[in-house]
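Next comes final12.cif, with mmCIF, C-alpha atoms.
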```cif
data_final
loop_
_atom_site.label_atom_id
_atom_site.label_comp_id
_atom_site.auth_asym_id
_atom_site.auth_seq_id
_atom_site.Cartn_x
_atom_site.Cartn_y
_atom_site.Cartn_z
CA MET A 1 -54.30 26.16 -7.12
CA ASN A 2 -54.89 26.54 -3.42
CA ASN A 3 -51.32 25.58 -2.87
CA ARG A 4 -50.15 28.31 -5.21
CA VAL A 5 -52.17 30.93 -3.40
CA ASP A 6 -50.82 29.73 -0.09
CA ILE A 7 -47.25 29.84 -1.35
CA SER A 8 -47.68 33.32 -2.84
CA THR A 9 -49.21 34.62 0.36
CA GLU A 10 -46.38 33.15 2.40
CA VAL A 11 -43.71 34.69 0.13
CA ASN A 12 -45.45 38.06 0.19
CA GLU A 13 -45.36 38.03 3.96
CA ILE A 14 -41.59 37.50 3.88
CA SER A 15 -40.68 39.58 0.84
CA LYS A 16 -42.96 41.76 -1.24
CA THR A 17 -40.19 41.93 -3.85
CA LEU A 18 -40.21 38.20 -4.31
CA GLY A 19 -43.97 38.09 -4.05
CA SER A 20 -44.21 40.44 -7.05
CA ILE A 21 -42.22 38.17 -9.34
CA PRO A 22 -44.47 36.28 -11.78
CA PHE A 23 -44.46 32.54 -11.32
CA ILE A 24 -42.97 31.51 -14.67
CA ASN A 25 -40.83 28.51 -15.56
CA VAL A 26 -37.91 29.96 -17.44
CA PHE A 27 -36.42 26.59 -18.44
CA THR A 28 -37.51 24.77 -21.62
CA VAL A 29 -37.21 21.23 -22.95
CA ASP A 30 -37.66 19.56 -26.29
CA ALA A 31 -41.27 18.65 -27.04
CA ASN A 32 -40.39 14.98 -27.70
CA TYR A 33 -38.43 14.56 -24.50
CA PHE A 34 -41.15 13.41 -22.11
CA PRO A 35 -43.03 11.11 -24.52
CA SER A 36 -39.91 9.06 -25.14
CA LEU A 37 -38.46 9.34 -21.64
CA ALA A 38 -40.18 6.25 -20.17
CA HIS A 39 -38.99 3.99 -23.01
CA VAL A 40 -35.42 5.29 -22.82
CA THR A 41 -35.34 4.94 -19.03
CA ILE A 42 -36.65 1.33 -19.07
CA ALA A 43 -34.02 0.46 -21.68
CA LYS A 44 -31.33 1.93 -19.44
CA ILE A 45 -32.67 -0.04 -16.47
CA TYR A 46 -32.46 -3.33 -18.39
CA GLU A 47 -28.99 -2.44 -19.68
CA GLU A 48 -27.76 -1.94 -16.15
CA ASP A 49 -29.53 -5.07 -15.00
CA SER A 50 -27.91 -7.23 -17.68
CA LEU A 51 -24.44 -6.05 -16.62
CA ASN A 52 -25.16 -7.26 -13.10
CA ASN A 53 -27.16 -10.35 -14.08
CA PHE A 54 -24.56 -13.05 -13.67
CA SER A 55 -25.09 -15.67 -11.06
CA VAL A 56 -22.54 -17.20 -8.76
CA PRO A 57 -22.67 -20.47 -6.86
CA ASP A 58 -24.07 -20.45 -3.35
CA GLY A 59 -21.51 -19.60 -0.72
CA TYR A 60 -19.05 -18.29 -3.34
CA PHE A 61 -18.28 -15.00 -1.70
CA GLU A 62 -18.17 -16.52 1.81
CA SER A 63 -15.39 -18.88 0.85
CA LEU A 64 -13.65 -16.58 -1.63
CA ALA A 65 -11.24 -14.96 0.81
CA GLY A 66 -10.13 -18.28 2.25
CA ASN A 67 -9.61 -19.79 -1.20
CA ILE A 68 -7.48 -16.89 -2.32
CA ILE A 69 -5.29 -17.03 0.78
CA THR A 70 -4.79 -20.78 0.28
CA LYS A 71 -3.75 -20.22 -3.33
CA ILE A 72 -1.33 -17.50 -2.35
CA HIS A 73 0.37 -19.78 0.18
CA ALA A 74 0.53 -22.56 -2.39
CA LEU A 75 2.21 -20.27 -4.89
CA GLU A 76 4.70 -19.03 -2.35
CA ASN A 77 5.80 -22.60 -1.54
CA ASP A 78 5.71 -23.86 -5.06
CA VAL A 79 9.25 -24.47 -6.14
CA ALA A 80 8.19 -25.32 -9.63
CA VAL A 81 6.41 -22.00 -10.01
CA GLU A 82 9.43 -20.19 -8.68
CA LEU A 83 11.75 -22.00 -11.08
CA LYS A 84 9.49 -21.25 -14.01
CA GLY A 85 9.66 -17.62 -13.10
CA ILE A 86 13.44 -17.74 -13.37
CA SER A 87 13.94 -20.06 -16.33
CA SER A 88 11.27 -21.85 -18.28
CA LEU A 89 13.99 -23.99 -19.92
CA VAL A 90 15.28 -25.34 -16.62
CA ALA A 91 11.74 -25.68 -15.32
CA GLY A 92 10.98 -27.89 -18.29
CA ILE A 93 13.65 -30.40 -17.32
CA GLU A 94 12.22 -33.40 -15.51
CA ASN A 95 13.20 -33.44 -11.84
CA LYS A 96 14.66 -36.93 -11.70
CA GLU A 97 17.49 -38.28 -9.51
CA THR A 98 20.40 -39.31 -11.74
CA TYR A 99 22.82 -40.64 -9.13
CA THR A 100 22.58 -44.19 -7.79
CA VAL A 101 23.91 -46.11 -4.81
CA SER A 102 24.33 -49.79 -4.22
CA GLU A 103 21.45 -51.68 -2.73
CA GLY A 104 21.43 -51.65 1.07
CA TYR A 105 23.92 -48.83 1.25
CA PHE A 106 21.99 -46.77 3.74
CA ASN A 107 21.20 -49.81 5.88
CA ASN A 108 24.85 -50.81 6.23
CA ILE A 109 26.37 -47.41 6.58
CA THR A 110 28.79 -47.07 9.52
CA PHE A 111 30.19 -43.92 10.99
CA LEU A 112 33.96 -43.22 11.43
CA ASN A 113 35.61 -43.75 14.88
CA ASN A 114 35.68 -40.44 16.61
CA ASN A 115 38.19 -41.50 19.29
CA ARG A 116 41.28 -39.58 18.40
CA LYS A 117 44.30 -38.92 20.48
CA SER A 118 43.98 -35.52 21.87
CA ALA A 119 46.71 -33.40 20.40
CA LYS A 120 49.15 -31.61 22.55
CA VAL A 121 48.26 -28.01 22.42
CA ILE A 122 50.55 -25.31 23.54
CA ALA A 123 48.44 -22.35 24.48
CA ILE A 124 49.17 -19.19 22.59
CA ASN A 125 49.40 -16.12 24.68
CA LYS A 126 46.89 -14.06 22.84
CA THR A 127 48.06 -10.85 24.30
CA ARG A 128 51.31 -11.27 22.45
CA LEU A 129 49.72 -11.92 19.03
CA PHE A 130 50.90 -8.67 17.68
CA PHE A 131 54.51 -9.47 18.40
CA LYS A 132 54.55 -13.02 16.98
CA TYR A 133 55.99 -12.04 13.70
CA ALA A 134 58.70 -9.98 15.32
CA ALA A 135 59.50 -12.81 17.75
CA ALA A 136 59.72 -15.29 14.89
CA ALA A 137 62.22 -13.12 13.11
CA VAL A 138 64.35 -12.79 16.22
CA ILE A 139 64.32 -16.52 16.93
CA THR A 140 65.21 -17.25 13.31
CA GLY A 141 68.25 -15.12 13.76
CA LEU A 142 69.23 -16.88 16.95
CA LEU A 143 68.77 -20.45 15.68
CA GLY A 144 70.18 -19.96 12.23
CA LEU A 145 72.97 -17.66 13.38
CA SER A 146 72.15 -15.54 10.36
CA ILE A 147 71.84 -12.27 12.26
CA VAL A 148 74.86 -11.10 14.17
CA ASN A 149 73.38 -7.84 15.49
CA ILE A 150 72.68 -9.31 18.91
CA VAL A 151 76.38 -9.68 19.42
CA ASP A 152 77.75 -7.73 22.29
CA ARG A 153 80.21 -5.50 20.62
CA ASN A 154 82.41 -5.62 23.61
CA ASN A 155 82.35 -9.39 23.86
CA PRO A 156 80.95 -10.65 20.56
CA GLN A 157 82.42 -14.13 20.74
CA THR A 158 81.27 -14.65 24.30
CA THR A 159 77.60 -13.84 23.46
CA ILE A 160 77.48 -16.10 20.47
CA LYS A 161 79.28 -18.78 22.36
CA THR A 162 76.86 -18.55 25.26
CA THR A 163 73.88 -18.71 22.95
CA VAL A 164 75.21 -21.64 20.99
CA GLU A 165 76.18 -23.50 24.14
CA THR A 166 72.77 -22.96 25.59
CA ILE A 167 70.93 -24.06 22.45
CA THR A 168 73.11 -26.87 21.28
CA GLY A 169 74.58 -27.96 24.56
CA ALA A 170 77.84 -28.03 22.72
CA THR A 171 80.91 -28.00 24.98
CA LYS A 172 83.13 -26.72 22.29
CA PRO A 173 81.25 -23.81 20.90
CA ASN A 174 84.32 -22.43 19.30
CA THR A 175 84.67 -25.62 17.47
CA VAL A 176 81.19 -25.26 16.11
CA LEU A 177 81.72 -21.71 15.12
CA MET A 178 85.04 -22.42 13.58
CA ASN A 179 83.79 -25.38 11.71
CA GLY A 180 80.48 -23.70 10.71
CA SER A 181 78.76 -26.85 11.83
CA PHE A 182 76.01 -25.17 13.81
CA ASP A 183 73.24 -26.72 11.78
CA GLU A 184 74.78 -30.10 12.12
CA ALA A 185 75.09 -29.61 15.87
CA LEU A 186 71.53 -28.44 16.02
CA GLN A 187 70.31 -31.70 14.48
CA ASN A 188 71.42 -33.42 17.68
CA VAL A 189 69.13 -31.24 19.75
CA SER A 190 65.65 -32.71 20.25
CA ASP A 191 62.43 -30.79 19.77
CA ASN A 192 61.63 -31.13 23.45
CA GLU A 193 64.90 -29.56 24.41
CA ILE A 194 64.32 -26.66 22.08
CA GLU A 195 60.75 -26.25 23.33
CA GLN A 196 61.86 -26.24 26.96
CA TYR A 197 64.57 -23.70 26.21
CA LEU A 198 62.17 -21.38 24.47
CA GLN A 199 59.51 -21.62 27.17
CA LYS A 200 62.11 -21.05 29.88
CA SER A 201 63.46 -18.01 28.15
CA GLY A 202 59.96 -16.62 27.56
CA HIS A 203 60.00 -16.94 23.78
CA ASP A 204 56.96 -17.75 21.79
CA VAL A 205 57.29 -21.42 20.86
CA ASN A 206 54.87 -21.16 17.98
CA ALA A 207 56.73 -18.23 16.58
CA ALA A 208 59.95 -20.16 16.81
CA LEU A 209 58.42 -23.11 15.04
CA VAL A 210 57.30 -20.84 12.29
CA ALA A 211 60.73 -19.34 11.99
CA SER A 212 62.45 -22.67 11.95
CA SER A 213 60.19 -24.13 9.38
CA THR A 214 61.00 -21.96 6.51
CA ASP A 215 63.94 -20.45 4.79
CA ASP A 216 61.74 -18.30 2.69
CA VAL A 217 60.48 -15.35 4.69
CA GLU A 218 57.92 -14.63 2.00
CA LYS A 219 55.98 -17.74 2.97
CA LEU A 220 55.38 -16.41 6.44
CA PRO A 221 52.02 -14.73 7.16
CA GLU A 222 52.04 -10.98 6.84
CA ALA A 223 52.17 -8.82 9.96
CA THR A 224 48.72 -7.43 9.24
CA ASP A 225 47.29 -10.96 9.05
CA TYR A 226 48.00 -11.34 12.78
CA LEU A 227 45.98 -8.23 13.42
CA LEU A 228 43.01 -9.49 11.44
CA ASP A 229 42.93 -13.09 12.56
CA GLU A 230 44.23 -14.44 15.87
CA ASN A 231 44.34 -17.97 14.43
CA VAL A 232 46.79 -17.07 11.66
CA LEU A 233 49.84 -18.59 13.41
CA GLU A 234 48.01 -21.71 14.48
CA ASN A 235 46.65 -22.20 10.94
CA TYR A 236 50.12 -21.72 9.50
CA LEU A 237 51.59 -24.33 11.84
CA LYS A 238 48.90 -26.83 10.91
CA GLU A 239 49.36 -26.21 7.23
CA ASN A 240 53.06 -26.84 7.54
CA ASN A 241 52.62 -29.90 9.78
CA LEU A 242 54.33 -28.22 12.67
CA LYS A 243 51.53 -28.92 15.08
CA ASN A 244 50.10 -32.23 16.12
CA MET B 245 -51.49 9.59 4.98
CA PRO B 246 -52.49 6.56 2.96
CA LEU B 247 -51.18 5.97 -0.50
CA PRO B 248 -53.40 6.97 -3.42
CA GLN B 249 -55.27 3.95 -4.66
CA ASP B 250 -53.57 4.05 -8.01
CA ASP B 251 -50.16 4.08 -6.29
CA ILE B 252 -51.14 1.06 -4.17
CA GLU B 253 -52.20 -0.82 -7.27
CA LEU B 254 -49.06 0.12 -9.14
CA LEU B 255 -46.90 -1.11 -6.28
CA MET B 256 -48.74 -4.43 -6.20
CA GLN B 257 -48.29 -4.84 -9.93
CA PHE B 258 -44.64 -3.95 -9.64
CA LYS B 259 -44.10 -6.82 -7.20
CA ASP B 260 -45.58 -9.28 -9.71
CA PRO B 261 -42.86 -10.22 -12.25
CA ALA B 262 -45.47 -10.53 -14.98
CA THR B 263 -46.55 -6.93 -14.59
CA LYS B 264 -43.44 -5.38 -13.11
CA GLU B 265 -42.30 -3.48 -16.19
CA ARG B 266 -45.74 -2.22 -17.08
CA ALA B 267 -46.29 -0.94 -13.53
CA PHE B 268 -42.95 0.82 -13.42
CA THR B 269 -43.58 2.45 -16.78
CA ALA B 270 -46.84 3.76 -15.40
CA ILE B 271 -45.09 5.15 -12.31
CA LEU B 272 -42.48 6.70 -14.55
CA LYS B 273 -44.99 8.48 -16.71
CA LYS B 274 -46.95 9.68 -13.71
CA TYR B 275 -44.08 11.40 -11.96
CA GLN B 276 -41.40 12.01 -14.62
CA GLU B 277 -42.19 15.67 -15.40
CA LYS B 278 -42.42 16.88 -11.82
CA LEU B 279 -39.25 15.07 -10.91
CA TYR B 280 -37.48 16.34 -14.04
CA TRP B 281 -38.23 20.02 -13.29
CA HIS B 282 -37.20 19.64 -9.68
CA ILE B 283 -33.88 18.18 -10.82
CA ARG B 284 -33.52 20.75 -13.62
CA ARG B 285 -33.83 23.68 -11.19
CA MET B 286 -31.09 22.10 -9.10
CA VAL B 287 -28.57 21.32 -11.85
CA VAL B 288 -29.71 23.87 -14.51
CA GLU B 289 -28.59 22.13 -17.73
CA HIS B 290 -30.96 19.74 -19.55
CA GLU B 291 -28.28 17.10 -20.27
CA ASP B 292 -27.28 16.97 -16.62
CA ALA B 293 -30.91 16.86 -15.51
CA ASN B 294 -31.57 14.00 -17.94
CA ASP B 295 -28.63 11.99 -16.56
CA VAL B 296 -29.62 12.58 -12.95
CA LEU B 297 -33.27 11.73 -13.68
CA GLN B 298 -32.43 8.41 -15.35
CA ASN B 299 -30.02 7.46 -12.60
CA MET B 300 -32.72 8.31 -10.13
CA PHE B 301 -35.24 6.00 -11.83
CA VAL B 302 -32.73 3.17 -12.03
CA LYS B 303 -32.30 3.44 -8.28
CA ALA B 304 -36.07 3.58 -7.85
CA TRP B 305 -36.43 0.37 -9.89
CA LYS B 306 -33.94 -1.39 -7.62
CA GLY B 307 -35.36 0.00 -4.38
CA LEU B 308 -39.10 -0.15 -5.09
CA GLU B 309 -39.21 -3.84 -4.14
CA ASN B 310 -38.38 -2.81 -0.55
CA PHE B 311 -40.50 0.35 -0.42
CA ARG B 312 -42.15 0.25 3.02
CA GLU B 313 -45.17 2.39 2.15
CA ASP B 314 -44.73 4.38 5.36
CA SER B 315 -44.49 7.49 3.19
CA GLN B 316 -46.06 8.62 -0.04
CA LEU B 317 -44.58 7.10 -3.18
CA TYR B 318 -43.92 10.49 -4.75
CA THR B 319 -42.27 11.74 -1.52
CA TRP B 320 -39.99 8.68 -1.70
CA LEU B 321 -39.22 9.45 -5.35
CA TYR B 322 -38.54 13.12 -4.55
CA ARG B 323 -36.09 12.03 -1.87
CA ILE B 324 -34.14 9.97 -4.36
CA ALA B 325 -34.24 12.77 -6.93
CA THR B 326 -33.04 15.40 -4.41
CA ASN B 327 -30.23 13.17 -3.13
CA GLU B 328 -29.10 12.37 -6.68
CA SER B 329 -29.11 16.09 -7.54
CA LEU B 330 -27.10 17.01 -4.43
CA THR B 331 -24.63 14.20 -5.14
CA PHE B 332 -24.28 15.40 -8.72
CA LEU B 333 -23.59 18.98 -7.62
CA GLU B 334 -21.05 17.74 -5.09
CA GLN B 335 -19.24 15.77 -7.79
CA GLN B 336 -19.30 18.79 -10.10
CA LYS B 337 -17.75 20.86 -7.35
CA LYS B 338 -14.92 18.37 -6.89
CA ARG B 339 -14.24 18.11 -10.62
CA SER B 340 -14.47 21.85 -11.21
CA THR B 341 -11.28 23.86 -11.50
CA PHE B 342 -13.15 26.76 -9.96
CA SER B 343 -13.00 27.41 -6.23
CA MET B 344 -16.05 26.67 -4.13
CA SER B 345 -17.07 30.31 -4.16
CA ASP B 346 -17.13 30.24 -7.94
CA GLU B 347 -19.36 27.16 -8.16
CA GLU B 348 -22.42 29.38 -8.07
CA SER B 349 -21.09 31.48 -10.91
CA GLY B 350 -20.61 28.23 -12.89
CA LEU B 351 -24.34 27.50 -12.62
CA SER B 352 -25.12 31.17 -13.15
CA ASN B 353 -23.14 31.07 -16.38
CA LYS B 354 -25.17 28.07 -17.52
CA ILE B 355 -28.38 30.05 -16.90
CA LYS B 356 -27.03 33.02 -18.82
CA ALA B 357 -26.06 30.66 -21.64
CA ASP B 358 -29.71 29.60 -22.08
CA THR B 359 -31.00 30.79 -25.45
CA ASN B 360 -34.03 32.33 -23.81
CA PHE B 361 -32.13 34.13 -21.08
CA ASP B 362 -33.18 37.74 -20.47
CA GLY B 363 -31.35 39.39 -17.59
CA ASN B 364 -33.91 42.16 -17.38
CA LYS B 365 -36.70 39.84 -16.49
CA LEU B 366 -37.34 39.18 -12.84
CA GLU B 367 -37.98 35.47 -13.37
CA TRP B 368 -34.45 35.09 -14.76
CA LYS B 369 -33.00 37.14 -11.94
CA LEU B 370 -34.85 34.89 -9.54
CA GLN B 371 -33.12 31.85 -11.05
CA LEU B 372 -29.74 33.57 -10.82
CA ALA B 373 -30.44 34.38 -7.17
CA VAL B 374 -31.51 30.80 -6.41
CA GLN B 375 -28.16 29.50 -7.74
CA LYS B 376 -26.40 31.62 -5.10
CA LEU B 377 -28.06 29.66 -2.28
CA PRO B 378 -26.29 26.75 -0.53
CA GLU B 379 -27.34 23.49 -2.15
CA LYS B 380 -29.58 22.18 0.60
CA GLN B 381 -31.22 25.56 1.09
CA LYS B 382 -31.78 25.70 -2.66
CA ALA B 383 -33.59 22.32 -2.41
CA VAL B 384 -35.77 23.68 0.44
CA PHE B 385 -36.68 26.77 -1.57
CA ASN B 386 -37.35 24.84 -4.79
CA LEU B 387 -39.52 22.21 -3.07
CA ARG B 388 -41.56 24.88 -1.30
CA TYR B 389 -41.70 27.70 -3.88
CA PHE B 390 -41.74 25.78 -7.16
CA GLU B 391 -43.06 22.31 -6.15
CA GLU B 392 -45.52 23.78 -3.63
CA MET B 393 -44.75 20.91 -1.29
CA PRO B 394 -46.09 21.05 2.31
CA TYR B 395 -43.44 21.39 5.02
CA ALA B 396 -44.40 17.96 6.39
CA GLN B 397 -43.55 16.31 3.09
CA ILE B 398 -40.39 18.41 2.62
CA SER B 399 -39.42 17.16 6.09
CA THR B 400 -39.73 13.55 4.83
CA VAL B 401 -37.83 14.32 1.61
CA LEU B 402 -34.95 16.13 3.28
CA GLU B 403 -35.13 14.35 6.65
CA THR B 404 -35.11 17.71 8.42
CA SER B 405 -37.55 19.09 11.04
CA GLU B 406 -40.36 21.37 9.89
CA GLY B 407 -39.14 24.17 12.14
CA ALA B 408 -35.68 24.09 10.59
CA LEU B 409 -37.21 24.03 7.13
CA LYS B 410 -39.37 27.06 7.80
CA ALA B 411 -36.39 29.00 9.10
CA SER B 412 -34.29 27.92 6.14
CA TYR B 413 -37.02 28.93 3.67
CA HIS B 414 -37.39 32.31 5.36
CA HIS B 415 -33.66 33.01 5.08
CA ALA B 416 -33.63 31.84 1.46
CA VAL B 417 -36.38 34.30 0.49
CA LYS B 418 -34.50 37.13 2.22
CA LYS B 419 -31.27 36.30 0.38
CA ILE B 420 -33.08 36.22 -2.97
CA GLU B 421 -34.73 39.54 -2.22
CA HIS B 422 -31.33 41.06 -1.38
CA TYR B 423 -29.81 39.75 -4.63
CA ILE B 424 -32.64 41.06 -6.81
CA LEU B 425 -32.58 44.48 -5.17
CA ASN B 426 -28.82 44.78 -5.66
CA ASN B 427 -28.54 43.41 -9.17
#
```
What would you get if you wrote out this structure as structure tokens?
Amino acid sequence: MNNRVDISTEVNEISKTLGSIPFINVFTVDANYFPSLAHVTIAKIYEEDSLNNFSVPDGYFESLAGNIITKIHALENDVAVELKGISSLVAGIENKETYTVSEGYFNNITFLNNNRKSAKVIAINKTRLFFKYAAAAVITGLLGLSIVNIVDRNNPQTTIKTTVETITGATKPNTVLMNGSFDEALQNVSDNEIEQYLQKSGHDVNAALVASSTDDVEKLPEATDYLLDENVLENYLKENNLKN
Amino acid sequence: MPLPQDDIELLMQFKDPATKERAFTAILKKYQEKLYWHIRRMVVEHEDANDVLQNMFVKAWKGLENFREDSQLYTWLYRIATNESLTFLEQQKKRSTFSMSDEESGLSNKIKADTNFDGNKLEWKLQLAVQKLPEKQKAVFNLRYFEEMPYAQISTVLETSEGALKASYHHAVKKIEHYILNN
């Protein structure tokens, strides 16, 4: 009661308006609420307790993080788990080696002799890659005498004669021309002689080899292939056994 | 200030597993009404007050084992009750589709929805005015005006200095006066 008087006096000093308001509790509650409240509250306490009343082994939470990380790593490296995720049928097949080898195979195994003769390699002038195909076509015309456009219109016979003499070393070029025996004459010319001629005259030897190797122009690599891959000519020569 | 003898005995009994439940029931019955009304004036609706009160006692059950007895038991209980009420109001504010400024009108509407509400009566206007106060200031006013709690104990409950509490209470009374005079 003293407290109430003190509070009322204090409020009156601050606000007479508030001090004049009767001290009445405007809120109400059911008459049975408080008598049963203790019982209901204890029941709620035990309900909450039972939800949290499970025990765990000592040190469980301390080691939990480490155990989980270990399991994650194990799963990541587990091929069997991975396979099962893709196909349970394949995963069900027993992983057993089916192939066999004779006894002592791995003990007696010997390796192949790696001493090979180094092949003669004629360096390809890479700066001329683009023109290889064109050079091959020109050389084909020269060797096979199938293109006559290089003929000097003023002295057609002289040009052909000079070319044939140079290539074949024939002393009677006219005879060759007249007889149409160029190919036959060419058979008497060695590869070295042809190679030396081409190198001397600045022709691309590889291109010439390509041209000489085929009658079918369609088998030759495409012009664009040379642009995409600098090893096209070399690969073609190897494939057609034109390079040692 | 030493604990009342009955509170000391109840705390000792609480620490004994054989008498723990009986002691807590006794504490419950001793303080339940005062704590209920304090919570009710904060949250207005009975259902909300009932929820907050039970949550508050569950926390008290868990924390009473570690009660240091450096304050009064009922002051400690009031602190839990006030914090639970403020937390509840904060959660209501977040869940509400109303803006913060309308939160007060939400509680005001709950007061007006009371079957006994009479807007002409000053005591109802007082309640409407109290709901306009900021939450912590409302707690200061309620603890002082309705619970008749000394400033020293309010200071323990709200962990605020007595000087700040007196200033806050003074401003609260002035705001309520202004509301009543203008409504």
Counting all atoms listed in the file, what are the residues of chain A within 12 Å of chain B, and for each of them which pair of atoms is the nearest and at what distance in Å, to one decimal? Sort the table by chain and rising number, as a Markdown table.
```
| residue | atom | partner | partner_atom | distance |
| --- | --- | --- | --- | --- |
| A:Met1 | CA | B:Glu392 | CA | 9.7 |
| A:Asn2 | CA | B:Glu392 | CA | 9.8 |
| A:Asn3 | CA | B:Glu392 | CA | 6.1 |
| A:Arg4 | CA | B:Glu392 | CA | 6.7 |
| A:Val5 | CA | B:Glu392 | CA | 9.8 |
| A:Asp6 | CA | B:Glu392 | CA | 8.7 |
| A:Ile7 | CA | B:Tyr389 | CA | 6.5 |
| A:Ser8 | CA | B:Tyr389 | CA | 8.3 |
| A:Thr9 | CA | B:Tyr389 | CA | 11.1 |
| A:Glu10 | CA | B:His414 | CA | 9.5 |
| A:Val11 | CA | B:Val417 | CA | 7.3 |
| A:Asn12 | CA | B:Val417 | CA | 9.8 |
| A:Glu13 | CA | B:His414 | CA | 9.9 |
| A:Ile14 | CA | B:His414 | CA | 6.8 |
| A:Ser15 | CA | B:Glu421 | CA | 6.7 |
| A:Lys16 | CA | B:Glu421 | CA | 8.6 |
| A:Thr17 | CA | B:Glu421 | CA | 6.2 |
| A:Leu18 | CA | B:Glu421 | CA | 6.0 |
| A:Gly19 | CA | B:Glu421 | CA | 9.5 |
| A:Ser20 | CA | B:Leu366 | CA | 9.1 |
| A:Ile21 | CA | B:Leu366 | CA | 6.1 |
| A:Pro22 | CA | B:Glu367 | CA | 6.7 |
| A:Phe23 | CA | B:Glu367 | CA | 7.4 |
| A:Ile24 | CA | B:Glu367 | CA | 6.5 |
| A:Asn25 | CA | B:Glu367 | CA | 7.8 |
| A:Val26 | CA | B:Trp368 | CA | 6.7 |
| A:Phe27 | CA | B:Arg284 | CA | 8.1 |
| A:Thr28 | CA | B:His290 | CA | 8.5 |
| A:Val29 | CA | B:His290 | CA | 7.3 |
| A:Asp30 | CA | B:His290 | CA | 9.5 |
| A:Tyr33 | CA | B:Asn294 | CA | 9.5 |
| A:Phe34 | CA | B:Glu277 | CA | 7.2 |
| A:Pro35 | CA | B:Lys273 | CA | 8.5 |
| A:Ser36 | CA | B:Lys273 | CA | 9.9 |
| A:Leu37 | CA | B:Gln276 | CA | 8.1 |
| A:Ala38 | CA | B:Leu272 | CA | 6.1 |
| A:His39 | CA | B:Thr269 | CA | 7.9 |
| A:Val40 | CA | B:Gln298 | CA | 8.6 |
| A:Thr41 | CA | B:Gln298 | CA | 5.8 |
| A:Ile42 | CA | B:Thr269 | CA | 7.4 |
| A:Ala43 | CA | B:Val302 | CA | 10.1 |
| A:Lys44 | CA | B:Val302 | CA | 7.6 |
| A:Ile45 | CA | B:Val302 | CA | 5.5 |
| A:Tyr46 | CA | B:Val302 | CA | 9.1 |
| A:Glu47 | CA | B:Val302 | CA | 10.2 |
| A:Glu48 | CA | B:Val302 | CA | 8.2 |
| A:Asp49 | CA | B:Val302 | CA | 9.3 |
| A:Asn52 | CA | B:Lys306 | CA | 11.9 |
```
Name every residue that the PyMOL selection byres ((chain B and resi 250) around 12) selects in this structure, writing the answer as an MDAnalysis selection string with chains first and numbers rising.
chainID B and resid 246:249 251:257 267 270:271 274 316:317
Just how far from CA of Ser352 in chain B is CA of Leu333 in chain B, in Å to one decimal?
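Interatomic distance here is 13.5 Å.
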Applying 10 Å and all atoms listed in the file, which residues near Ala396 in chain B remain after dropping the ones on its own chain fewer than 5 positions away? List them as a PyMOL selection string.
chain B and resi 401+403-407+409
Preceding selection exported with C-alpha atoms as a CSV table (one decimal), keeping the file's coordinate frame:
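Result written to part27.csv:
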```csv
chain,number,residue,atom,x,y,z
B,401,VAL,CA,-37.8,14.3,1.6
B,403,GLU,CA,-35.1,14.4,6.6
B,404,THR,CA,-35.1,17.7,8.4
B,405,SER,CA,-37.6,19.1,11.0
B,406,GLU,CA,-40.4,21.4,9.9
B,407,GLY,CA,-39.1,24.2,12.1
B,409,LEU,CA,-37.2,24.0,7.1
```
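Our summary of the geometry notes that CA of Ile283 in chain B is positioned 24.1 Å from CA of Arg312 in chain B.
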Any idea what the distance is between CA of Ile69 in chain A and CA of Ser87 in chain A?
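Pair CA of Ile69 in chain A / CA of Ser87 in chain A returns 25.9 Å.
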For this file, the PyMOL selection byres ((chain B and resi 325) around 7) selects which residues, as a PDB file with C-alpha atoms, keeping the file's coordinate frame?
```pdb
ATOM      1  CA  LEU B 279     -39.250  15.070 -10.910  1.00  0.00           C
ATOM      2  CA  ILE B 283     -33.880  18.180 -10.820  1.00  0.00           C
ATOM      3  CA  LEU B 297     -33.270  11.730 -13.680  1.00  0.00           C
ATOM      4  CA  MET B 300     -32.720   8.310 -10.130  1.00  0.00           C
ATOM      5  CA  LEU B 321     -39.220   9.450  -5.350  1.00  0.00           C
ATOM      6  CA  TYR B 322     -38.540  13.120  -4.550  1.00  0.00           C
ATOM      7  CA  ARG B 323     -36.090  12.030  -1.870  1.00  0.00           C
ATOM      8  CA  ILE B 324     -34.140   9.970  -4.360  1.00  0.00           C
ATOM      9  CA  THR B 326     -33.040  15.400  -4.410  1.00  0.00           C
ATOM     10  CA  ASN B 327     -30.230  13.170  -3.130  1.00  0.00           C
ATOM     11  CA  GLU B 328     -29.100  12.370  -6.680  1.00  0.00           C
ATOM     12  CA  SER B 329     -29.110  16.090  -7.540  1.00  0.00           C
TER      13      SER B 329
END
```
